[in-house]
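Asks: So I've got this file, coords-v3.txt, and it contains compact mmCIF, C-alpha atoms (C1' of nucleotides):
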# COMPACT_ATOMS: atom_id res chain seq x y z
CA MET A 1 74.88 -26.79 83.61
CA ALA A 2 74.33 -30.16 81.98
CA TYR A 3 73.01 -29.69 78.49
CA ALA A 4 70.78 -31.58 76.19
CA LYS A 5 71.99 -34.12 73.70
CA VAL A 6 69.30 -34.79 71.17
CA GLU A 7 69.42 -37.24 68.27
CA HIS A 8 69.11 -35.76 64.80
CA ASP A 9 66.05 -37.88 64.01
CA VAL A 10 64.32 -36.68 67.14
CA VAL A 11 65.05 -33.05 66.28
CA ILE A 12 63.63 -33.49 62.78
CA ASP A 13 60.53 -35.17 64.18
CA LYS A 14 59.90 -32.38 66.66
CA LEU A 15 60.51 -29.68 64.06
CA MET A 16 58.00 -31.37 61.77
CA GLU A 17 55.50 -31.51 64.61
CA VAL A 18 55.73 -27.74 65.14
CA PHE A 19 55.77 -26.81 61.45
CA ARG A 20 52.76 -28.97 60.63
CA SER A 21 50.64 -27.65 63.49
CA SER A 22 51.75 -23.99 63.42
CA GLY A 23 52.71 -23.44 59.79
CA TYR A 24 55.93 -21.80 58.69
CA ASP A 25 55.07 -18.29 59.87
CA GLY A 26 53.50 -19.49 63.08
CA ALA A 27 56.50 -21.59 64.04
CA SER A 28 58.76 -19.28 66.03
CA MET A 29 62.35 -20.06 66.92
CA ALA A 30 61.30 -20.03 70.57
CA THR A 31 58.65 -22.68 69.92
CA LEU A 32 61.00 -24.77 67.80
CA ALA A 33 63.66 -24.59 70.52
CA GLN A 34 61.21 -25.61 73.23
CA ALA A 35 59.91 -28.52 71.18
CA THR A 36 63.36 -29.88 70.36
CA GLN A 37 64.69 -29.31 73.87
CA LEU A 38 67.53 -27.35 72.31
CA LYS A 39 68.29 -23.68 72.84
CA LYS A 40 67.87 -21.34 69.93
CA ALA A 41 71.62 -20.94 69.46
CA SER A 42 72.02 -24.72 69.34
CA LEU A 43 69.48 -24.95 66.57
CA TYR A 44 71.58 -22.47 64.62
CA HIS A 45 74.60 -24.68 65.11
CA ARG A 46 72.77 -27.58 63.48
CA PHE A 47 70.96 -25.46 60.91
CA PRO A 48 73.16 -22.45 60.10
CA GLN A 49 70.59 -21.04 57.68
CA GLY A 50 67.96 -20.95 60.42
CA LYS A 51 64.28 -21.67 60.05
CA GLU A 52 64.42 -22.08 56.30
CA GLU A 53 67.08 -24.77 56.57
CA MET A 54 65.06 -26.53 59.25
CA ALA A 55 62.04 -26.67 56.98
CA HIS A 56 64.22 -27.98 54.16
CA ALA A 57 65.56 -30.70 56.46
CA VAL A 58 62.02 -31.67 57.41
CA LEU A 59 60.98 -31.85 53.75
CA ARG A 60 64.03 -33.98 52.95
CA TYR A 61 62.87 -36.38 55.63
CA VAL A 62 59.32 -36.40 54.25
CA ALA A 63 60.70 -37.14 50.77
CA THR A 64 62.59 -40.20 52.04
CA TRP A 65 59.52 -41.24 54.00
CA ALA A 66 57.41 -41.05 50.84
CA LYS A 67 59.90 -43.14 48.91
CA SER A 68 60.35 -45.82 51.54
CA ARG A 69 56.77 -46.09 52.78
CA ILE A 70 54.86 -45.47 49.54
CA ALA A 71 56.99 -45.55 46.41
CA ASP A 72 59.09 -48.59 47.27
CA VAL A 73 56.17 -50.68 48.45
CA PRO A 74 55.80 -52.54 45.13
CA VAL A 75 59.48 -53.54 45.33
CA VAL A 76 58.90 -55.54 48.48
CA SER A 77 56.99 -58.04 46.45
CA ASP A 78 55.64 -61.51 47.06
CA SER A 79 52.36 -59.72 47.70
CA THR A 80 49.12 -59.03 45.89
CA PRO A 81 48.17 -55.56 44.60
CA GLU A 82 45.52 -55.56 47.32
CA ASP A 83 48.21 -56.00 49.96
CA ARG A 84 50.37 -53.28 48.48
CA LEU A 85 47.52 -50.77 48.26
CA ASP A 86 46.52 -51.58 51.81
CA THR A 87 50.09 -51.08 53.01
CA ALA A 88 50.39 -47.73 51.25
CA LEU A 89 47.06 -46.42 52.52
CA LYS A 90 47.88 -47.60 56.05
CA ALA A 91 51.07 -45.54 55.82
CA ILE A 92 49.05 -42.51 54.76
CA ASP A 93 46.58 -43.06 57.58
CA GLU A 94 49.46 -43.32 60.01
CA LEU A 95 51.17 -40.20 58.65
CA TYR A 96 48.08 -38.11 59.36
CA ASP A 97 47.06 -40.05 62.47
CA GLY A 98 43.68 -40.83 60.99
CA GLY A 99 43.17 -37.27 59.84
CA ARG A 100 43.86 -35.69 63.21
CA LEU A 101 47.20 -34.23 62.11
CA ASP A 102 47.73 -31.51 59.56
CA CYS A 103 49.69 -32.06 56.35
CA ILE A 104 53.27 -30.82 56.59
CA LEU A 105 53.36 -30.24 52.82
CA ARG A 106 50.37 -27.95 53.02
CA ALA A 107 51.67 -26.24 56.13
CA LEU A 108 54.85 -25.30 54.26
CA SER A 109 52.97 -24.17 51.14
CA HIS A 110 51.43 -20.96 52.40
CA GLY A 111 52.24 -17.57 53.81
CA SER A 112 55.82 -16.43 53.53
CA ALA A 113 56.80 -20.03 52.74
CA ALA A 114 54.68 -19.99 49.59
CA ASN A 115 57.59 -19.79 47.21
CA LEU A 116 60.42 -21.17 49.36
CA PHE A 117 59.71 -24.90 49.15
CA GLN A 118 57.50 -25.13 46.09
CA LYS A 119 59.85 -27.36 44.09
CA GLU A 120 60.52 -29.89 46.84
CA ILE A 121 56.87 -30.10 47.81
CA GLY A 122 55.83 -30.51 44.18
CA ALA A 123 58.35 -33.31 43.76
CA ILE A 124 56.98 -35.16 46.79
CA PHE A 125 53.43 -34.84 45.49
CA GLU A 126 54.57 -36.19 42.15
CA THR A 127 56.27 -39.13 43.81
CA LEU A 128 53.10 -39.99 45.70
CA ILE A 129 50.88 -39.60 42.65
CA ARG A 130 53.21 -41.69 40.49
CA SER A 131 53.20 -44.42 43.14
CA PHE A 132 49.44 -44.61 43.47
CA LYS A 133 49.02 -44.41 39.71
CA HIS A 134 51.33 -47.41 39.43
CA LEU A 135 49.18 -49.26 41.94
CA ALA A 136 46.03 -48.40 40.00
CA LEU A 137 47.61 -49.79 36.84
CA GLU A 138 48.28 -53.04 38.69
CA PHE A 139 44.56 -53.34 39.35
CA GLY A 140 43.90 -53.19 35.62
CA HIS A 141 42.88 -49.58 35.26
CA ASN A 142 44.01 -47.97 32.04
CA GLU A 143 46.49 -45.12 31.83
CA GLN A 144 43.89 -42.36 32.05
CA GLN A 145 41.87 -43.99 34.80
CA ALA A 146 44.98 -44.66 36.86
CA GLN A 147 46.19 -41.07 36.58
CA GLN A 148 42.75 -39.80 37.52
CA LEU A 149 42.48 -42.09 40.54
CA ALA A 150 45.89 -41.06 41.85
CA ASN A 151 45.07 -37.39 41.42
CA GLU A 152 41.70 -37.85 43.08
CA LEU A 153 43.30 -39.58 46.04
CA MET A 154 45.75 -36.74 46.64
CA VAL A 155 43.03 -34.12 46.26
CA LYS A 156 40.74 -35.94 48.67
CA ILE A 157 43.47 -36.43 51.25
CA GLN A 158 44.16 -32.70 51.31
CA GLY A 159 40.53 -31.66 51.07
CA THR A 160 39.27 -34.06 53.69
CA LEU A 161 41.88 -32.92 56.19
CA ILE A 162 40.54 -29.38 55.89
CA VAL A 163 36.82 -30.09 55.72
CA GLN A 164 36.97 -32.68 58.48
CA ARG A 165 38.62 -30.21 60.84
CA SER A 166 36.22 -27.39 60.02
CA LEU A 167 33.15 -29.59 60.43
CA GLY A 168 34.50 -31.37 63.47
CA GLN A 169 33.79 -34.80 62.00
CA PRO A 170 36.86 -36.93 62.75
CA SER A 171 35.47 -39.93 60.89
CA MET A 172 35.68 -38.45 57.40
CA PHE A 173 39.34 -39.25 56.75
CA LYS A 174 39.24 -42.96 57.41
CA ALA A 175 35.95 -43.27 55.55
CA MET A 176 37.46 -41.50 52.58
CA LEU A 177 40.49 -43.80 52.56
CA ALA A 178 38.21 -46.84 52.62
CA GLU A 179 36.11 -45.44 49.81
CA MET A 180 39.14 -44.69 47.65
CA SER A 181 40.54 -48.13 48.36
CA ALA A 182 37.36 -49.68 47.02
CA LYS A 183 37.53 -47.42 43.97
CA PHE A 184 41.07 -48.58 43.22
CA MET A 185 40.10 -52.26 43.49
CA LYS A 186 36.91 -52.03 41.46
CA THR A 187 37.99 -52.32 37.84
CA HIS A 188 35.40 -51.89 35.11
CA PHE A 189 35.75 -54.17 32.08
CA MET B 1 48.18 16.38 55.61
CA ALA B 2 45.06 15.10 53.99
CA TYR B 3 44.22 11.65 55.25
CA ALA B 4 42.67 8.59 53.76
CA LYS B 5 38.99 7.90 53.76
CA VAL B 6 38.36 4.31 52.85
CA GLU B 7 34.98 2.66 52.52
CA HIS B 8 34.25 -0.15 54.93
CA ASP B 9 33.63 -2.61 52.09
CA VAL B 10 36.98 -1.78 50.54
CA VAL B 11 38.76 -2.27 53.85
CA ILE B 12 37.13 -5.67 54.32
CA ASP B 13 38.08 -6.66 50.79
CA LYS B 14 41.71 -5.69 51.29
CA LEU B 15 41.89 -7.39 54.69
CA MET B 16 40.54 -10.58 53.11
CA GLU B 17 43.12 -10.33 50.37
CA VAL B 18 45.96 -10.23 52.89
CA PHE B 19 44.53 -12.91 55.20
CA ARG B 20 43.91 -15.36 52.38
CA SER B 21 47.36 -14.99 50.86
CA SER B 22 49.41 -14.68 54.06
CA GLY B 23 47.35 -16.61 56.58
CA TYR B 24 46.46 -15.31 60.02
CA ASP B 25 49.97 -15.50 61.48
CA GLY B 26 51.61 -14.18 58.35
CA ALA B 27 49.32 -11.17 58.15
CA SER B 28 51.03 -8.45 60.19
CA MET B 29 49.41 -5.19 61.22
CA ALA B 30 51.92 -3.37 59.06
CA THR B 31 50.89 -5.41 56.00
CA LEU B 32 47.20 -4.99 56.75
CA ALA B 33 47.67 -1.24 57.15
CA GLN B 34 49.57 -0.95 53.90
CA ALA B 35 46.96 -2.96 52.01
CA THR B 36 44.02 -0.94 53.34
CA GLN B 37 45.81 2.39 52.91
CA LEU B 38 45.09 3.09 56.56
CA LYS B 39 47.60 3.61 59.35
CA LYS B 40 47.81 0.98 62.04
CA ALA B 41 46.16 3.21 64.64
CA SER B 42 43.27 3.86 62.23
CA LEU B 43 42.71 0.14 61.88
CA TYR B 44 42.54 -0.07 65.66
CA HIS B 45 39.95 2.68 65.65
CA ARG B 46 37.75 0.64 63.28
CA PHE B 47 38.59 -2.72 64.85
CA PRO B 48 39.34 -2.10 68.54
CA GLN B 49 40.08 -5.77 69.17
CA GLY B 50 42.79 -5.73 66.50
CA LYS B 51 43.66 -8.53 64.14
CA GLU B 52 41.21 -10.98 65.62
CA GLU B 53 38.30 -8.58 65.11
CA MET B 54 39.43 -7.93 61.55
CA ALA B 55 39.38 -11.63 60.80
CA HIS B 56 35.94 -11.91 62.35
CA ALA B 57 34.72 -9.06 60.17
CA VAL B 58 36.11 -10.76 57.08
CA LEU B 59 34.41 -14.02 58.02
CA ARG B 60 31.13 -12.20 58.60
CA TYR B 61 31.43 -10.86 55.06
CA VAL B 62 32.20 -14.32 53.69
CA ALA B 63 29.14 -15.69 55.49
CA THR B 64 26.88 -13.11 53.86
CA TRP B 65 28.57 -13.78 50.52
CA ALA B 66 27.86 -17.51 50.87
CA LYS B 67 24.23 -16.84 51.68
CA SER B 68 23.61 -14.37 48.88
CA ARG B 69 25.67 -16.01 46.14
CA ILE B 70 25.15 -19.69 46.94
CA ALA B 71 22.41 -20.38 49.48
CA ASP B 72 19.81 -17.94 48.16
CA VAL B 73 20.28 -18.95 44.52
CA PRO B 74 17.29 -21.32 44.52
CA VAL B 75 15.08 -18.51 45.82
CA VAL B 76 15.67 -16.45 42.70
CA SER B 77 13.59 -18.92 40.78
CA ASP B 78 12.08 -19.02 37.33
CA SER B 79 15.15 -21.05 36.44
CA THR B 80 16.06 -24.68 35.91
CA PRO B 81 18.21 -26.66 38.37
CA GLU B 82 20.90 -26.62 35.69
CA ASP B 83 20.88 -22.84 35.68
CA ARG B 84 21.01 -22.65 39.45
CA LEU B 85 23.91 -25.12 39.71
CA ASP B 86 25.76 -23.26 37.01
CA THR B 87 25.22 -19.96 38.82
CA ALA B 88 26.47 -21.38 42.11
CA LEU B 89 29.55 -22.98 40.59
CA LYS B 90 30.34 -19.81 38.65
CA ALA B 91 30.25 -17.94 41.98
CA ILE B 92 32.68 -20.49 43.44
CA ASP B 93 34.95 -20.17 40.43
CA GLU B 94 34.87 -16.41 40.77
CA LEU B 95 35.56 -16.52 44.51
CA TYR B 96 38.77 -18.45 43.92
CA ASP B 97 39.60 -16.76 40.61
CA GLY B 98 39.69 -20.11 38.85
CA GLY B 99 41.80 -21.68 41.56
CA ARG B 100 44.47 -19.02 41.56
CA LEU B 101 43.44 -17.60 44.93
CA ASP B 102 43.70 -19.33 48.26
CA CYS B 103 40.65 -20.12 50.40
CA ILE B 104 40.09 -17.59 53.16
CA LEU B 105 38.35 -20.22 55.29
CA ARG B 106 41.38 -22.48 55.12
CA ALA B 107 43.76 -19.59 55.67
CA LEU B 108 42.00 -18.77 58.94
CA SER B 109 41.85 -22.41 60.07
CA HIS B 110 45.50 -23.00 60.88
CA GLY B 111 48.35 -21.83 63.07
CA SER B 112 47.41 -19.66 66.00
CA ALA B 113 44.00 -19.09 64.39
CA ALA B 114 43.19 -22.79 64.62
CA ASN B 115 40.70 -22.42 67.47
CA LEU B 116 39.71 -18.77 67.11
CA PHE B 117 37.28 -18.96 64.20
CA GLN B 118 36.37 -22.64 64.18
CA LYS B 119 32.67 -22.09 64.84
CA GLU B 120 32.13 -19.41 62.20
CA ILE B 121 34.12 -21.29 59.58
CA GLY B 122 32.28 -24.52 60.34
CA ALA B 123 28.96 -22.71 59.98
CA ILE B 124 29.93 -21.34 56.57
CA PHE B 125 30.99 -24.78 55.38
CA GLU B 126 27.68 -26.16 56.58
CA THR B 127 25.79 -23.44 54.72
CA LEU B 128 27.63 -24.26 51.51
CA ILE B 129 27.18 -27.99 51.92
CA ARG B 130 23.48 -27.62 52.71
CA SER B 131 23.03 -25.46 49.61
CA PHE B 132 24.73 -27.86 47.24
CA LYS B 133 22.95 -30.80 48.82
CA HIS B 134 19.68 -29.02 48.14
CA LEU B 135 20.72 -28.55 44.52
CA ALA B 136 21.62 -32.24 44.23
CA LEU B 137 18.19 -33.16 45.54
CA GLU B 138 16.63 -31.03 42.83
CA PHE B 139 18.42 -33.16 40.25
CA GLY B 140 16.72 -36.24 41.64
CA HIS B 141 19.51 -37.64 43.76
CA ASN B 142 18.35 -39.28 46.96
CA GLU B 143 19.16 -38.01 50.43
CA GLN B 144 22.37 -40.01 50.81
CA GLN B 145 23.64 -39.32 47.29
CA ALA B 146 22.95 -35.61 47.66
CA GLN B 147 24.79 -35.38 50.97
CA GLN B 148 27.71 -37.29 49.52
CA LEU B 149 27.92 -35.11 46.41
CA ALA B 150 27.86 -31.91 48.44
CA ASN B 151 30.59 -33.20 50.76
CA GLU B 152 32.66 -34.37 47.80
CA LEU B 153 32.40 -30.97 46.16
CA MET B 154 33.66 -29.15 49.25
CA VAL B 155 36.49 -31.64 49.74
CA LYS B 156 37.55 -31.37 46.11
CA ILE B 157 37.44 -27.59 46.14
CA GLN B 158 39.80 -27.48 49.11
CA GLY B 159 41.99 -30.33 47.93
CA THR B 160 42.30 -29.11 44.37
CA LEU B 161 43.37 -25.64 45.51
CA ILE B 162 46.29 -27.21 47.38
CA VAL B 163 47.33 -29.87 44.88
CA GLN B 164 46.97 -27.54 41.91
CA ARG B 165 49.30 -25.01 43.52
CA SER B 166 51.88 -27.60 44.51
CA LEU B 167 51.91 -29.23 41.09
CA GLY B 168 51.74 -25.92 39.26
CA GLN B 169 48.83 -27.05 37.11
CA PRO B 170 46.41 -24.13 36.99
CA SER B 171 43.87 -26.06 34.94
CA MET B 172 42.86 -28.51 37.65
CA PHE B 173 40.34 -26.29 39.42
CA LYS B 174 38.14 -25.48 36.47
CA ALA B 175 38.33 -29.07 35.25
CA MET B 176 37.26 -30.27 38.66
CA LEU B 177 34.28 -27.89 38.75
CA ALA B 178 33.17 -29.10 35.33
CA GLU B 179 33.51 -32.72 36.38
CA MET B 180 31.51 -32.18 39.56
CA SER B 181 28.88 -30.28 37.62
CA ALA B 182 28.42 -33.29 35.36
CA LYS B 183 28.23 -35.56 38.40
CA PHE B 184 25.46 -33.45 39.90
CA MET B 185 23.46 -33.53 36.69
CA LYS B 186 23.85 -37.23 35.96
CA THR B 187 21.18 -38.97 38.00
CA HIS B 188 21.08 -42.78 38.06
CA PHE B 189 17.61 -44.37 37.98
C1' DT C 1 98.18 -45.89 77.89
C1' DA C 2 98.28 -40.82 78.95
C1' DC C 3 97.99 -36.40 77.58
C1' DA C 4 97.53 -32.50 74.55
C1' DA C 5 95.26 -30.52 70.45
C1' DT C 6 91.29 -30.07 67.79
C1' DT C 7 86.63 -30.41 66.57
C1' DT C 8 81.87 -30.75 67.64
C1' DA C 9 77.78 -29.52 70.36
C1' DC C 10 75.49 -26.63 73.32
C1' DC C 11 74.27 -22.40 75.81
C1' DG C 12 73.43 -17.37 77.89
C1' DA C 13 73.17 -12.95 76.40
C1' DA C 14 72.46 -9.67 73.29
C1' DC C 15 71.65 -7.72 68.46
C1' DG C 16 68.57 -4.80 65.23
C1' DA C 17 64.06 -5.29 63.35
C1' DT C 18 59.43 -6.02 63.67
C1' DC C 19 55.57 -7.54 66.35
C1' DG C 20 50.75 -6.09 68.24
C1' DG C 21 49.06 -2.32 70.66
C1' DT C 22 48.25 2.66 72.83
C1' DA C 23 48.01 7.83 73.84
C1' DA C 24 47.50 12.16 72.29
C1' DA C 25 47.60 15.54 68.65
C1' DA C 26 45.79 16.97 64.12
C1' DA C 27 42.37 16.82 60.59
C1' DT C 28 37.74 16.32 59.12
C1' DT C 29 32.80 16.07 59.57
C1' DT C 30 28.42 17.28 61.69
C1' DA D 1 31.79 23.66 68.99
C1' DA D 2 31.27 18.75 69.48
C1' DA D 3 32.09 14.36 67.73
C1' DT D 4 34.42 11.30 64.71
C1' DT D 5 38.27 9.76 62.14
C1' DT D 6 43.03 9.66 60.92
C1' DT D 7 47.53 10.87 62.12
C1' DT D 8 52.14 10.95 64.44
C1' DA D 9 54.84 9.19 67.89
C1' DC D 10 55.73 5.92 70.91
C1' DC D 11 55.67 1.58 73.97
C1' DG D 12 57.06 -3.25 75.78
C1' DA D 13 57.45 -7.77 73.87
C1' DT D 14 58.91 -10.89 70.66
C1' DC D 15 60.84 -11.85 66.17
C1' DG D 16 64.91 -14.33 63.72
C1' DT D 17 69.67 -14.11 64.20
C1' DT D 18 74.49 -13.68 65.92
C1' DC D 19 78.33 -13.59 69.21
C1' DG D 20 81.47 -15.09 72.80
C1' DG D 21 82.42 -18.72 75.39
C1' DT D 22 81.96 -23.47 77.75
C1' DA D 23 81.50 -28.54 77.99
C1' DA D 24 82.10 -32.87 75.78
C1' DA D 25 83.67 -35.89 72.34
C1' DT D 26 87.21 -36.98 68.94
C1' DT D 27 91.71 -37.09 67.04
C1' DG D 28 96.65 -36.95 67.17
C1' DT D 29 100.94 -37.74 69.63
C1' DA D 30 104.06 -39.67 73.03
Would you mind writing the structure in this file as structure tokens?
Replies:
Amino acid sequence: MAYAKVEHDVVIDKLMEVFRSSGYDGASMATLAQATQLKKASLYHRFPQGKEEMAHAVLRYVATWAKSRIADVPVVSDSTPEDRLDTALKAIDELYDGGRLDCILRALSHGSAANLFQKEIGAIFETLIRSFKHLALEFGHNEQQAQQLANELMVKIQGTLIVQRSLGQPSMFKAMLAEMSAKFMKTHF
Amino acid sequence: MAYAKVEHDVVIDKLMEVFRSSGYDGASMATLAQATQLKKASLYHRFPQGKEEMAHAVLRYVATWAKSRIADVPVVSDSTPEDRLDTALKAIDELYDGGRLDCILRALSHGSAANLFQKEIGAIFETLIRSFKHLALEFGHNEQQAQQLANELMVKIQGTLIVQRSLGQPSMFKAMLAEMSAKFMKTHF
DNA sequence: TACAATTTACCGAACGATCGGTAAAAATTT
DNA sequence: AAATTTTTACCGATCGTTCGGTAAATTGTA
């Protein structure tokens, strides 16, 4: 029988899709195999440590995503702070598909995964917060204000994803991003 | 052998404890039985529809909790709006043990439970939002401001629980409640 | 270039353990 | 004794995981 050849990037993407929508406990090997088009045994060839290693691989990808799409934005300069904030928030909006998709970091933070990936997830959150704090500083906010704005953004991203889903109001996420964008740009002197 | 007699309220409390910390998929019948001190078959006697019925029972309890501890606070009058807000937020703080405990509503919103309890969970959120909006109105905020404050509070409760855990900063939740309390009380004329 | 040796990638089948769920016996209450 | 509740004992299905083996790609050798 001809068998499937699947690119590593595609496998990671499909694994992330299952983990984020089903959570760590809800993602069964059978589901992960079906999603990746690989048989269970083939997944174990690529990830000898099984499900846990798959989740680690996904988080490694998310960490690089965060660095390239959020943290390194200021480096690609020749742009205004407004442009850079807009680019970063557009990346966030894309990551969550306008709030329709769950957060992979949250999905891997609960249940039996609660203590498995804590460090990596915390590091990614810190990267994101540091990046947005840096952006806030560029707008002229002081140290404390910048830190507070970055924290508030992360909290509202997570919170809005949950509340929006429970209330069935798919407009909340984009509205919240717009509101936070305005808050970043409005500096009080 | 003498067998266990466990009060209904205690069973519900233990079931909630497991669901909120393990999620719906992560909460196995074996775990639920161990936590309630009842054998699996005894749980099926009390909840013939199994895990799903147990979760429904827990949510029914949460709904009554929300009504008695949050929604009906204004009814027990002879108190200032400040007192009533403080009482409501203290109930929230207690429910989440200062941010150390997970949210049962969120825990039952994901994985294979995503579509099972949507309506009930949405209704509870709406009850809470309506209650806090009512409180905001008492402080003199206008319709739009009150709605916005209530929404913001719910979003920040959910978001802070997640971010606080991931960052390992157990002080965020209480700080956030205090900040929101101040925001409710500060009316702009 | 041709061919053999080795490594890499994938798969079907099965493992023990645990899953959610059930039937019938034993214990308790009324 | 009748009814209710908890228990023991068990079921088929699925869990994550492993094993034995095959197909394809790569490397080494002539």
Asks: Taking all atoms listed in the file into account, find every residue of chain A that has an atom no more than 12 Å from chain D, and write it out as a list of chain:residue names.
Replies: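 Per the criterion, chain A yields A:Met1, A:Ala2, A:Tyr3, A:Ala4, A:Lys5, A:Asp25, A:Gly26, A:Ala27, A:Ser28, A:Met29, A:Ala30, A:Thr31, A:Leu32, A:Lys40, A:Ala41, A:Ser42, A:Leu43, A:Tyr44, A:His45, A:Phe47, A:Pro48, A:Gln49, A:Gly50, A:Lys51, A:Glu52.
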Asks: Report, in Å to a single decimal, how far apart atom CA of A:Met176 and atom CA of A:Val155 are.
Replies: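 These atoms are spaced 11.2 Å apart.
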Asks: As an exercise, work out the distance from atom CA of B:Arg165 to atom CA of A:Leu153 in Å and give it to one decimal place.
Replies: 16.0 Å
Asks: Give me, as a PyMOL selection string, the residues of chain C touching chain A, with the criterion being at most 8 Å (counting all atoms listed in the file).
Replies: chain C and resi 9-11
Asks: So the first atom is atom CA of B:Gly23 and the second is atom CA of B:Ile104; what is the distance between them in Å, to one decimal place?
Replies: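 Computing it gives 8.1 Å between the two atoms.
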Asks: Once you count only C-alpha atoms, what closest atom pair and distance in Å to one decimal does each residue of chain A within 9 Å of chain B have, with rows by chain and rising residue number, as JSON lines?
Replies:
{"residue": "A:Arg20", "atom": "CA", "partner": "B:Gly111", "partner_atom": "CA", "distance": 8.7}
{"residue": "A:Ser21", "atom": "CA", "partner": "B:Gly111", "partner_atom": "CA", "distance": 6.3}
{"residue": "A:Ser22", "atom": "CA", "partner": "B:Gly111", "partner_atom": "CA", "distance": 4.0}
{"residue": "A:Gly23", "atom": "CA", "partner": "B:Gly111", "partner_atom": "CA", "distance": 5.7}
{"residue": "A:Tyr24", "atom": "CA", "partner": "B:Gly111", "partner_atom": "CA", "distance": 8.8}
{"residue": "A:Asp25", "atom": "CA", "partner": "B:Gly26", "partner_atom": "CA", "distance": 5.6}
{"residue": "A:Gly26", "atom": "CA", "partner": "B:Asp25", "partner_atom": "CA", "distance": 5.6}
{"residue": "A:Ala27", "atom": "CA", "partner": "B:Gly111", "partner_atom": "CA", "distance": 8.2}
{"residue": "A:Asp102", "atom": "CA", "partner": "B:His110", "partner_atom": "CA", "distance": 8.9}
{"residue": "A:Leu105", "atom": "CA", "partner": "B:Ser166", "partner_atom": "CA", "distance": 8.8}
{"residue": "A:Arg106", "atom": "CA", "partner": "B:Ile162", "partner_atom": "CA", "distance": 7.0}
{"residue": "A:Ala107", "atom": "CA", "partner": "B:His110", "partner_atom": "CA", "distance": 8.4}
{"residue": "A:Ser109", "atom": "CA", "partner": "B:Ser166", "partner_atom": "CA", "distance": 7.5}
{"residue": "A:His110", "atom": "CA", "partner": "B:Ser22", "partner_atom": "CA", "distance": 6.8}
{"residue": "A:Gly111", "atom": "CA", "partner": "B:Ser22", "partner_atom": "CA", "distance": 4.1}
{"residue": "A:Ser112", "atom": "CA", "partner": "B:Ser22", "partner_atom": "CA", "distance": 6.7}
{"residue": "A:Ala114", "atom": "CA", "partner": "B:Ser22", "partner_atom": "CA", "distance": 8.7}
{"residue": "A:Gln118", "atom": "CA", "partner": "B:Ser166", "partner_atom": "CA", "distance": 6.3}
{"residue": "A:Lys119", "atom": "CA", "partner": "B:Ser166", "partner_atom": "CA", "distance": 8.0}
{"residue": "A:Ile121", "atom": "CA", "partner": "B:Ser166", "partner_atom": "CA", "distance": 6.5}
{"residue": "A:Gly122", "atom": "CA", "partner": "B:Ser166", "partner_atom": "CA", "distance": 4.9}
{"residue": "A:Ala123", "atom": "CA", "partner": "B:Leu167", "partner_atom": "CA", "distance": 8.1}
{"residue": "A:Phe125", "atom": "CA", "partner": "B:Leu167", "partner_atom": "CA", "distance": 7.3}
{"residue": "A:Glu126", "atom": "CA", "partner": "B:Leu167", "partner_atom": "CA", "distance": 7.5}
{"residue": "A:Asn151", "atom": "CA", "partner": "B:Val163", "partner_atom": "CA", "distance": 8.6}
{"residue": "A:Glu152", "atom": "CA", "partner": "B:Lys156", "partner_atom": "CA", "distance": 8.3}
{"residue": "A:Met154", "atom": "CA", "partner": "B:Val163", "partner_atom": "CA", "distance": 7.3}
{"residue": "A:Val155", "atom": "CA", "partner": "B:Gly159", "partner_atom": "CA", "distance": 4.3}
{"residue": "A:Lys156", "atom": "CA", "partner": "B:Gly159", "partner_atom": "CA", "distance": 5.8}
{"residue": "A:Ile157", "atom": "CA", "partner": "B:Gly159", "partner_atom": "CA", "distance": 7.1}
{"residue": "A:Gln158", "atom": "CA", "partner": "B:Gly159", "partner_atom": "CA", "distance": 4.7}
{"residue": "A:Gly159", "atom": "CA", "partner": "B:Gly159", "partner_atom": "CA", "distance": 3.7}
{"residue": "A:Thr160", "atom": "CA", "partner": "B:Val155", "partner_atom": "CA", "distance": 5.4}
{"residue": "A:Leu161", "atom": "CA", "partner": "B:Val155", "partner_atom": "CA", "distance": 8.5}
{"residue": "A:Ile162", "atom": "CA", "partner": "B:Arg106", "partner_atom": "CA", "distance": 7.0}
{"residue": "A:Val163", "atom": "CA", "partner": "B:Val155", "partner_atom": "CA", "distance": 6.2}
{"residue": "A:Gln164", "atom": "CA", "partner": "B:Val155", "partner_atom": "CA", "distance": 8.8}
{"residue": "A:Arg165", "atom": "CA", "partner": "B:Ser109", "partner_atom": "CA", "distance": 8.5}
{"residue": "A:Ser166", "atom": "CA", "partner": "B:Gly122", "partner_atom": "CA", "distance": 4.9}
{"residue": "A:Leu167", "atom": "CA", "partner": "B:Gly122", "partner_atom": "CA", "distance": 5.1}
{"residue": "A:Gly168", "atom": "CA", "partner": "B:Gly122", "partner_atom": "CA", "distance": 7.9}
Asks: Taking 6 positions as the minimum chain separation for residues in the same chain, which residues sit within 12 Å of B:Gln148 when counting all atoms listed in the file? Answer as a list in words.
Replies: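 In the requested form, the answer reads Met172, Ala175, Met176 and Glu179 of chain A; Ile129, Arg130, Phe132, Lys133, His134, Ala136, Leu137, His141, Asn142, Met154, Val155, Lys156, Met180, Lys183 and Phe184 of chain B.
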Asks: Contacts of B:Arg69 at 9 Å or less, counting only C-alpha atoms (C1' of nucleotides), minus same-chain residues fewer than 2 places along, as a list in words?
Replies: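 My list of contacting residues is Thr64, Trp65, Ala66, Lys67, Ala71, Asp72, Val73, Thr87, Ala88, Ala91 and Ile92 of chain B.
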Asks: Enclose all atoms of stretch 11-26 of chain D listed in the file in an axis-aligned box, grow every side by 6 Å, and hand back centre and edge lengths in Å to one decimal, as AutoDock Vina command-line options.
Replies:
--center_x 71.4 --center_y -17.7 --center_z 70.9 --size_x 43.5 --size_y 50.6 --size_z 26.3
